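Participant: Structure provided below as structure tokens; questions to follow.
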Protein chains: 2
Amino acid sequence: MLKDYIDLEYRPKDDDFVCEYHIEPAEGVSFEAACNHMAGESSIDTWSDISTLSPEMAGELKPHVYYMNEEQQTVRIAYTQDLFETGSVPQILSAIAGNIFSMKLLDSLRFEDISFPRDAISGFRGPNFGMHGVRELFGVNDRPLIGTIVKPKVGLTSQQHAEVAYNAFAGGCDLVKDDENLTDQKFNRFEKRALLTLKAQDRAEAETGEKKMYMCNITAPTCEEMVRRAEVISDLGGKYVMIDIIPVGWTALQSLREATGELGLAIHAHRCMHSAITRNPHHGVSMLVIAKLTRLIGLDQLHIGTVVGKMHGGRDEVLALRDNCVLEHIHANEALHVLEQDWGHIKPMFPVASGGLEPTMIPDLVRIFGNDAIMQFGGGIHAHPIGTTAGATACRQAIDAALGGVTLEEYAKTHSELEAALSKWR
Amino acid sequence: MLKDYIDLEYRPKDDDFVCEYHIEPAEGVSFEAACNHMAGESSIDTWSDISTLSPEMAGELKPHVYYMNEEQQTVRIAYTQDLFETGSVPQILSAIAGNIFSMKLLDSLRFEDISFPRDAISGFRGPNFGMHGVRELFGVNDRPLIGTIVKPKVGLTSQQHAEVAYNAFAGGCDLVKDDENLTDQKFNRFEKRALLTLKAQDRAEAETGEKKMYMCNITAPTCEEMVRRAEVISDLGGKYVMIDIIPVGWTALQSLREATGELGLAIHAHRCMHSAITRNPHHGVSMLVIAKLTRLIGLDQLHIGTVVGKMHGGRDEVLALRDNCVLEHIHANEALHVLEQDWGHIKPMFPVASGGLEPTMIPDLVRIFGNDAIMQFGGGIHAHPIGTTAGATACRQAIDAALGGVTLEEYAKTHSELEAALSKWR
């Protein structure tokens, strides 16, 4: 009976999309029935009652439930790529992460991972710069990059905003970004902020001899306005934009990647709101899936968690995210629900650690992430006892100490900004 | 101390945004501390440590936690409208539904409702047609509208797709839509499907003397392509488009509303994937919030659940959604986490019941929803024993019976299509 999509002998083909789900069937529903129905609902449906679909077409398009582990509540389904529109993240999600979350047959469902076939990957651009391209922009290859978020989150005037950014750049920050909820408000208009803060960036570059990058938040109500803001940044000589990926949504992100490709801008992805979808281990979508979609579309860097800090996220999960950001080939990891993935032509995406970080955490961050991370400090820079400039300097000193194998305490003896930081945060 | 955002004496001002959250603080965190920190994280942050924000500005922008009910785990926060960009759903979400979902201080957080002040509402268009405008398009005011989804979900050729649509129209369907995962695939290209199915619509209109509307899925990878598809529909004489609201995201929806305003198209909102965010009563975002944002932006009709049928969704929740779709003024309902809302100039949005419906459920649907609903049947029409045309006719007969106060069994004695439906689904 073709309606039965379970085929444990099936081996995914080279052009199959493979998805892994964690499922908890409703009372009285067998694991097999739940798997079978979700496979249908996420593809060709219960076509067997309907006369219009030919058995040949059904045979070509039907999904295969090829792995079921009832004890671990895990199912893997292979979908032929013909089910999908080429290069469309929204359509992929509508299919394999759409209605199935609503099924009464399931008490809960978590979409853990998706492995894209080579053909599907070739339909996406991937990052324009990527991790190595971003490093080239800075001319910095031998250490993590240090960033900050202008604080307070909102409430500064554009002039004050630019001053805080200048101080952070002058003290040693490579990158300065807006916070996720600052876009274009009365007290700090987008155009004025962009103009003044990019000027502050140029001044700091000239004074320090280092490359500095301001990442202006271009999150906007419409795609046209978002792209217009990207053009404003480009016209002002900026190299970077940032975007709140979940609130704007996937179609806007694919549009942004098209636009920034032409404009030559790098994109910083802020993941605010992701935890509404990713945080519950029983239901929703994993951050891994969101990270993979973000890399596929082609944003250049993404917040993936801190392990330490104020935000939720375990070490293993964060490191699995890091791997799927930066590696060319990912090996399967059953315990973490990670599927094998060959990233083909898609460049690595720079991982960003951000959220409640303090300079004292830098040695741990270096141990966890190594060199290839952007470390962002908010209050951890601006609440430094001597102020923002000293806060940025203290972070750079802590990086030097950690990479040199010296304890922060030892290094602080000859570096007063770090010493002041330790006095506050130790 | 200004850092303390709790002020139970505060009464929200006319220009405040008011949000209600369900929160579960982490172990060892007091309810008050959790409320205070989430108010800060969703607005001006812990600005008190930072010298750059003036106390005057902080006083103007600070949030007010004005209601806390620890037993019911409910908190209400009022945010001044100056914190928000005018007319930007993504920025609203980045602020009041962004980072707070990730805070370690909270084990879980559910964003239950948001009440928009009149000024904010005036920054949005709302539906172009809305429920009454859609009824005018059809010239039908005295009964629910009957729709179907072409089934199987995917796998038909464009020609077969148009034939199924024609049969459904001819049998009595007012609306025919694509399924959420059908956009532009190899086996059924967008352009060809749009052309052939709109021709089928015209033929059915001519033959039945009734207005018929085909709702083609224009979910697309980029905004430009989405709008181009809307233009194709308009050029072909279509009056409707449909869109998968969660997979495409809010910025694309606001763009679409701008475009369809000029094109004169109505928009059908499919909510697939919403349950990834809305289904867990302890964490995520309520469907009520999604429905309100959808109405605010201005989609004309939205899936809100069925009460009966294959998809999750309780009666009280669905009726609260219905009210916020159609009414001008919403009264608060503490038990359902519904805040008062004055919808101002925003038109009502037509509620759609869809998901596993069968014709035998029609009397219940009429009792639950009354006249003002679009009822959509998939397998409930196409799996009718005599086929799609008879399935559509059976649904219209069931509507006539229910509105006439006659049992389906009684009505079936003189209506053979309904009789055949009862033989299958009773």
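We name chains A, B, ... following the order of the structure tokens; residues begin at 1 in each chain, and ligands are numbered from 1 as shown.
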Write out as a Markdown table the residues of region 195-312 of chain B that have any atom within 6 Å of an atom of region 203-225 of chain A, one row each with the nearest atom pair and its distance in Å to one decimal, counting only C-alpha atoms, sorted by chain and then rising number.
Facilitator:
```
| residue | atom | partner | partner_atom | distance |
| --- | --- | --- | --- | --- |
| B:Thr251 | CA | A:Thr222 | CA | 4.8 |
| B:Gln254 | CA | A:Thr222 | CA | 5.4 |
| B:Ser255 | CA | A:Thr222 | CA | 4.7 |
```
Participant: Tell me, which residues of region 136-379 of chain A carry DSSP alpha helix (DSSP H), written as a ChimeraX atom specification?
Facilitator: /A:136-138,158-171,190-208,223-235,245-248,250-263,275-278,287-297,315-326,362-369,379
Participant: Please return, as JSON, numbers by chain, all residues of region 175-423 of chain A that DSSP assigns to strand (DSSP E) on the basis of the backbone.
Facilitator: {"A": [175, 176, 177, 213, 214, 215, 216, 217, 240, 241, 242, 243, 244, 266, 267, 268, 269, 270, 284, 285, 301, 302, 303, 329, 330, 341, 342, 350, 351, 352, 353, 354, 374, 375, 376, 377]}
Participant: Determine the nearest neighbour of chain A from the options B:Lys13, B:His384, B:His415, B:Arg143, counting only C-alpha atoms.
Facilitator: B:His384
Participant: Need the shell around Ala353 (chain A): protein/DNA/RNA residues with any atom at most 8 Å away, counting only C-alpha atoms. Skip same-chain ones fewer than 3 positions apart. Format as a ChimeraX atom specification?
Facilitator: /A:303-306,373-376
Participant: Okay, now the selection with all heavy atoms, as a PDB file, in the first residue's frame?
Facilitator:
```pdb
ATOM      1  N   HIS A 303      24.865  35.089  15.755  1.00  0.00           N
ATOM      2  CA  HIS A 303      24.885  34.808  17.191  1.00  0.00           C
ATOM      3  C   HIS A 303      24.570  33.326  17.410  1.00  0.00           C
ATOM      4  O   HIS A 303      23.546  32.841  16.930  1.00  0.00           O
ATOM      5  CB  HIS A 303      23.809  35.615  17.919  1.00  0.00           C
ATOM      6  CG  HIS A 303      24.064  37.086  17.959  1.00  0.00           C
ATOM      7  ND1 HIS A 303      23.685  37.877  19.032  1.00  0.00           N
ATOM      8  CD2 HIS A 303      24.672  37.921  17.083  1.00  0.00           C
ATOM      9  CE1 HIS A 303      24.040  39.128  18.784  1.00  0.00           C
ATOM     10  NE2 HIS A 303      24.627  39.191  17.610  1.00  0.00           N
ATOM     11  N   ILE A 304      25.425  32.616  18.125  1.00  0.00           N
ATOM     12  CA  ILE A 304      25.146  31.190  18.366  1.00  0.00           C
ATOM     13  C   ILE A 304      25.147  30.842  19.852  1.00  0.00           C
ATOM     14  O   ILE A 304      24.948  29.686  20.207  1.00  0.00           O
ATOM     15  CB  ILE A 304      26.154  30.278  17.641  1.00  0.00           C
ATOM     16  CG1 ILE A 304      27.582  30.495  18.178  1.00  0.00           C
ATOM     17  CG2 ILE A 304      26.103  30.491  16.138  1.00  0.00           C
ATOM     18  CD1 ILE A 304      28.515  29.359  17.826  1.00  0.00           C
ATOM     19  N   GLY A 305      25.351  31.815  20.717  1.00  0.00           N
ATOM     20  CA  GLY A 305      25.360  31.534  22.151  1.00  0.00           C
ATOM     21  C   GLY A 305      26.738  31.743  22.739  1.00  0.00           C
ATOM     22  O   GLY A 305      27.703  32.018  22.020  1.00  0.00           O
ATOM     23  N   THR A 306      26.795  31.622  24.061  1.00  0.00           N
ATOM     24  CA  THR A 306      28.018  32.002  24.758  1.00  0.00           C
ATOM     25  C   THR A 306      28.540  30.900  25.676  1.00  0.00           C
ATOM     26  O   THR A 306      29.673  30.951  26.117  1.00  0.00           O
ATOM     27  CB  THR A 306      27.740  33.222  25.654  1.00  0.00           C
ATOM     28  OG1 THR A 306      26.643  32.897  26.526  1.00  0.00           O
ATOM     29  CG2 THR A 306      27.374  34.439  24.819  1.00  0.00           C
ATOM     30  N   ALA A 373      36.033  33.246  16.515  1.00  0.00           N
ATOM     31  CA  ALA A 373      34.750  33.730  17.031  1.00  0.00           C
ATOM     32  C   ALA A 373      34.819  35.246  17.121  1.00  0.00           C
ATOM     33  O   ALA A 373      35.898  35.839  17.239  1.00  0.00           O
ATOM     34  CB  ALA A 373      34.458  33.142  18.404  1.00  0.00           C
ATOM     35  N   ILE A 374      33.644  35.853  17.025  1.00  0.00           N
ATOM     36  CA  ILE A 374      33.518  37.271  17.337  1.00  0.00           C
ATOM     37  C   ILE A 374      32.909  37.328  18.737  1.00  0.00           C
ATOM     38  O   ILE A 374      31.853  36.738  18.976  1.00  0.00           O
ATOM     39  CB  ILE A 374      32.603  37.980  16.316  1.00  0.00           C
ATOM     40  CG1 ILE A 374      33.254  37.945  14.931  1.00  0.00           C
ATOM     41  CG2 ILE A 374      32.315  39.413  16.755  1.00  0.00           C
ATOM     42  CD1 ILE A 374      32.341  38.403  13.806  1.00  0.00           C
ATOM     43  N   MET A 375      33.599  37.972  19.657  1.00  0.00           N
ATOM     44  CA  MET A 375      33.115  38.058  21.034  1.00  0.00           C
ATOM     45  C   MET A 375      32.565  39.460  21.288  1.00  0.00           C
ATOM     46  O   MET A 375      33.284  40.443  21.101  1.00  0.00           O
ATOM     47  CB  MET A 375      34.242  37.746  22.018  1.00  0.00           C
ATOM     48  CG  MET A 375      34.783  36.336  21.827  1.00  0.00           C
ATOM     49  SD  MET A 375      36.228  35.997  22.867  1.00  0.00           S
ATOM     50  CE  MET A 375      36.709  34.367  22.232  1.00  0.00           C
ATOM     51  N   GLN A 376      31.308  39.513  21.675  1.00  0.00           N
ATOM     52  CA  GLN A 376      30.635  40.799  21.847  1.00  0.00           C
ATOM     53  C   GLN A 376      30.305  41.066  23.306  1.00  0.00           C
ATOM     54  O   GLN A 376      29.726  40.217  23.979  1.00  0.00           O
ATOM     55  CB  GLN A 376      29.337  40.829  21.035  1.00  0.00           C
ATOM     56  CG  GLN A 376      29.563  40.974  19.554  1.00  0.00           C
ATOM     57  CD  GLN A 376      28.270  41.091  18.764  1.00  0.00           C
ATOM     58  OE1 GLN A 376      28.323  41.361  17.595  1.00  0.00           O
ATOM     59  NE2 GLN A 376      27.127  40.891  19.398  1.00  0.00           N
TER      60      GLN A 376
END
```
